[in-house]
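Enquirer: Next up is a structure, given as structure tokens.
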Amino acid sequence: MAVKCKRCKTNNAEVYLAHSNLNLCPSCFLLLTERKVKHTIDAYKMLSKDDRIGVAVSGGKDSSSLAYILNSLFEKIDVALIYIDLGVPEYSQHCLEKVETLAKMLDRELIVYSLEREMGFKIGDFKQTIYGRKICSACGTIKRYLFNKIAYDLGLTKIATGHNLDDTVETLFNFYLEGNVEAMLRLKPYLPRTHPKFVPKIKPLIGLTDFECLLYAEYRGLPTRTIECQFSRGSRMQRRKELLNMIAEKIPNFKHSLMNSHFKRILPNLEIALSKHEIKIYECPSCGMPTSLEGMPCHFCKLTKTLRP
Ligand code: AMP
Ligand code: ZN
């Protein structure tokens with residue numbers, strides 16, 4: 001006999017969420033997923049009603065789900081989608097088409113920032129530089145800088161990204177391995193304004209797993225990319241995520257517990273312990289945007305300088 005949905009007790013269950021031991025039908029799954037996101041937003045006080053949010057959409061399952069959920073939860077809040085065209089052959093065009101379809105579906109403005117048009121280079125140009133073997137990390141720096149710059153220039157009050165639980169636990173795992181305490185202090189579900197030119201960042205999907213985001217996008221029929229970026233760091237990150245999933249098979253709420261203890265217990269204590277060593281923020285002498293580096297160009301300017309002859 002088919003298993004019934006634990007919530008409505010009427011429909012047949014199609015989804016099993018091991019971490020909460022729930023069998024759900026598609027419509028109850030969608031409803032509970034949206035409630036979880038709402039709960040995260042409320043718990044971390046991520047939004048207020050006069051916010052103007054820029055949702056960074058990549059064409060992936062996470063950010064498409066995020067845009068859909070924010071749009072339906074907060075009909076009255078100003079939401080615009082931001083897409084950065086990194087100029088990766090085939091891939092960037094493919095993703096652009098997906099986010100264009102998404103923006104039409106949600107009837108929200110799509111801001112497209114083309115790296116090539118605005119800055120005169122493509123992400124692949126780093127191949128020829130000392131960052132050639134670290135393209136993904138260079139790309140991450142470029143994207144973070146631009147999300148902030150675009151939102152700042154447009155007067156947006158929050159930037160939302162689609163980072164989920166699996167991304168966060170994988171990142172935390174690395175920081176622990178490296179003992180990278182500074183990076184740990186910056187990784188937060190809600191990063192408030194620490195400088196007038198820093199736009200606050202929020203990660204409303206931080207409580208959802210990869211699996212939940214994938215299912216959500218599928219059940220809602222959201223447009224999502226079907227090809228991989230040719231520079232993708234994929235394999236290493238993927239392997240670490242698989243490893244963490246193996247632990248979660250034995251301890252179903254492992255990822256949830258790790259994240260909760262980190263944000264609720266470890267991080268607040270770290271902040272108190274390190275409060276004497278206040279992290280200073282300077283302005284880049286080259287572009288004027290905020291940076292942790294004193295008296296030298298910010299990471300973005302340092303990177304882009306390598307592309308100039
Ligand atoms: P990633 O760094 O690829 O793991 O992506 C993390 C988050 O950054 C995504 O969920 C999106 O919110 C955002 N993002 C990544 N790539 C882009 C892009 N090309 N344009 C806009 N947002 C992006
Ligand atoms: Zn149900």
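Scheme for the structure tokens: letters A, B, ... for chains in order shown; per-chain residue numbers from 1; ligand numbers from 1 in order shown.
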Residues within 8 Å of ligand 2 should be enumerated using only C-alpha atoms and all ligand atoms and returned as a PDB file with N, CA and C atoms, in the first residue's frame.
Expert:
```
ATOM      1  N   LYS A   4       0.988   7.300   2.818  1.00  0.00           N
ATOM      2  CA  LYS A   4       0.250   8.567   2.763  1.00  0.00           C
ATOM      3  C   LYS A   4       1.125   9.724   3.254  1.00  0.00           C
ATOM      4  N   CYS A   5       0.784  10.896   2.791  1.00  0.00           N
ATOM      5  CA  CYS A   5       1.496  12.107   3.203  1.00  0.00           C
ATOM      6  C   CYS A   5       1.254  12.331   4.703  1.00  0.00           C
ATOM      7  N   LYS A   6       2.345  12.597   5.433  1.00  0.00           N
ATOM      8  CA  LYS A   6       2.240  12.744   6.876  1.00  0.00           C
ATOM      9  C   LYS A   6       1.486  14.020   7.267  1.00  0.00           C
ATOM     10  N   ARG A   7       1.486  15.012   6.373  1.00  0.00           N
ATOM     11  CA  ARG A   7       0.830  16.273   6.716  1.00  0.00           C
ATOM     12  C   ARG A   7      -0.669  16.246   6.409  1.00  0.00           C
ATOM     13  N   CYS A   8      -1.034  15.977   5.141  1.00  0.00           N
ATOM     14  CA  CYS A   8      -2.460  16.054   4.798  1.00  0.00           C
ATOM     15  C   CYS A   8      -3.182  14.722   5.027  1.00  0.00           C
ATOM     16  N   LYS A   9      -2.405  13.662   5.148  1.00  0.00           N
ATOM     17  CA  LYS A   9      -2.949  12.316   5.383  1.00  0.00           C
ATOM     18  C   LYS A   9      -3.951  11.872   4.311  1.00  0.00           C
ATOM     19  N   THR A  10      -3.922  12.528   3.147  1.00  0.00           N
ATOM     20  CA  THR A  10      -4.856  12.215   2.072  1.00  0.00           C
ATOM     21  C   THR A  10      -4.121  11.730   0.828  1.00  0.00           C
ATOM     22  N   ASN A  11      -3.193  12.581   0.357  1.00  0.00           N
ATOM     23  CA  ASN A  11      -2.466  12.246  -0.877  1.00  0.00           C
ATOM     24  C   ASN A  11      -1.382  11.212  -0.613  1.00  0.00           C
ATOM     25  N   ASN A  12      -1.001  10.540  -1.702  1.00  0.00           N
ATOM     26  CA  ASN A  12       0.129   9.628  -1.589  1.00  0.00           C
ATOM     27  C   ASN A  12       1.422  10.418  -1.445  1.00  0.00           C
ATOM     28  N   ALA A  13       2.295   9.921  -0.571  1.00  0.00           N
ATOM     29  CA  ALA A  13       3.588  10.595  -0.390  1.00  0.00           C
ATOM     30  C   ALA A  13       4.499  10.280  -1.568  1.00  0.00           C
ATOM     31  N   LEU A  24       6.028  13.061   2.386  1.00  0.00           N
ATOM     32  CA  LEU A  24       5.138  14.152   1.987  1.00  0.00           C
ATOM     33  C   LEU A  24       4.642  14.010   0.557  1.00  0.00           C
ATOM     34  N   CYS A  25       3.471  14.573   0.309  1.00  0.00           N
ATOM     35  CA  CYS A  25       2.984  14.658  -1.071  1.00  0.00           C
ATOM     36  C   CYS A  25       3.576  15.934  -1.671  1.00  0.00           C
ATOM     37  N   PRO A  26       3.591  16.056  -2.996  1.00  0.00           N
ATOM     38  CA  PRO A  26       4.216  17.239  -3.602  1.00  0.00           C
ATOM     39  C   PRO A  26       3.648  18.559  -3.089  1.00  0.00           C
ATOM     40  N   SER A  27       2.323  18.674  -2.935  1.00  0.00           N
ATOM     41  CA  SER A  27       1.817  19.997  -2.549  1.00  0.00           C
ATOM     42  C   SER A  27       2.167  20.338  -1.096  1.00  0.00           C
ATOM     43  N   CYS A  28       2.162  19.342  -0.212  1.00  0.00           N
ATOM     44  CA  CYS A  28       2.574  19.630   1.170  1.00  0.00           C
ATOM     45  C   CYS A  28       4.069  19.917   1.237  1.00  0.00           C
ATOM     46  N   PHE A  29       4.857  19.229   0.389  1.00  0.00           N
ATOM     47  CA  PHE A  29       6.294  19.497   0.345  1.00  0.00           C
ATOM     48  C   PHE A  29       6.546  20.963  -0.041  1.00  0.00           C
TER      49      PHE A  29
END
```
Enquirer: Can I get the residues of chain A within 6 Å of ligand 1, each with the closest pair of atoms and their distance in Å to one decimal, using only C-alpha atoms and all ligand atoms, sorted chain first then ascending number, as a Markdown table?
Expert:
```
| residue | atom | partner | partner_atom_place_in_ligand_line | distance |
| --- | --- | --- | --- | --- |
| A:Ala56 | CA | ligand 1 | 22 (N) | 3.7 |
| A:Val57 | CA | ligand 1 | 22 (N) | 4.1 |
| A:Ser58 | CA | ligand 1 | 17 (C) | 3.9 |
| A:Asp62 | CA | ligand 1 | 10 (O) | 5.3 |
| A:Ser63 | CA | ligand 1 | 10 (O) | 4.4 |
| A:Ile82 | CA | ligand 1 | 21 (C) | 5.6 |
| A:Tyr83 | CA | ligand 1 | 20 (N) | 3.8 |
| A:Ile84 | CA | ligand 1 | 20 (N) | 3.8 |
| A:Asp85 | CA | ligand 1 | 19 (N) | 5.6 |
| A:Gly140 | CA | ligand 1 | 2 (O) | 6.0 |
| A:Thr161 | CA | ligand 1 | 12 (O) | 3.4 |
| A:Gly162 | CA | ligand 1 | 10 (O) | 3.2 |
| A:His163 | CA | ligand 1 | 10 (O) | 4.9 |
```
Enquirer: Return the single residue from A:Cys139, A:Leu243, A:Leu208, A:Ala248 that is closest to Lys36 in chain A, with distances computed using only C-alpha atoms.
Expert: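 Looking only at the distances to Lys36 in chain A, the closest residue turns out to be A:Leu208.
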Enquirer: Pick the closest to Ile123 in chain A from A:Phe254, A:Tyr91, A:Tyr44, A:Phe147: which is it, counting only C-alpha atoms?
Expert: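 That would be A:Tyr91, the residue with the smallest distance to Ile123 in chain A.
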Enquirer: Nearest to Glu118 in chain A among A:Gly87, A:Lys305, A:Pro297, A:Ala18, with distances taken over only C-alpha atoms: which residue is it?
Expert: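 Nearest candidate to Glu118 in chain A out of A:Gly87, A:Lys305, A:Pro297, A:Ala18: A:Gly87.
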Enquirer: Could you give me, as a PyMOL selection string, the residues within 12 Å of Ala138 in chain A, counting only C-alpha atoms and dropping anything in the same chain fewer than 6 positions from it?
Expert: chain A and resi 86+122-127+129-132+144-145+231-233+299-304+306
Enquirer: Using only C-alpha atoms, which protein or nucleic acid residues come within 12 Å of Met289 in chain A? Drop anything in the same chain fewer than 2 positions from it, and give the result as a PyMOL selection string.
Expert: chain A and resi 145-146+148-150+152-153+195-199+281-287+291-293+296-301
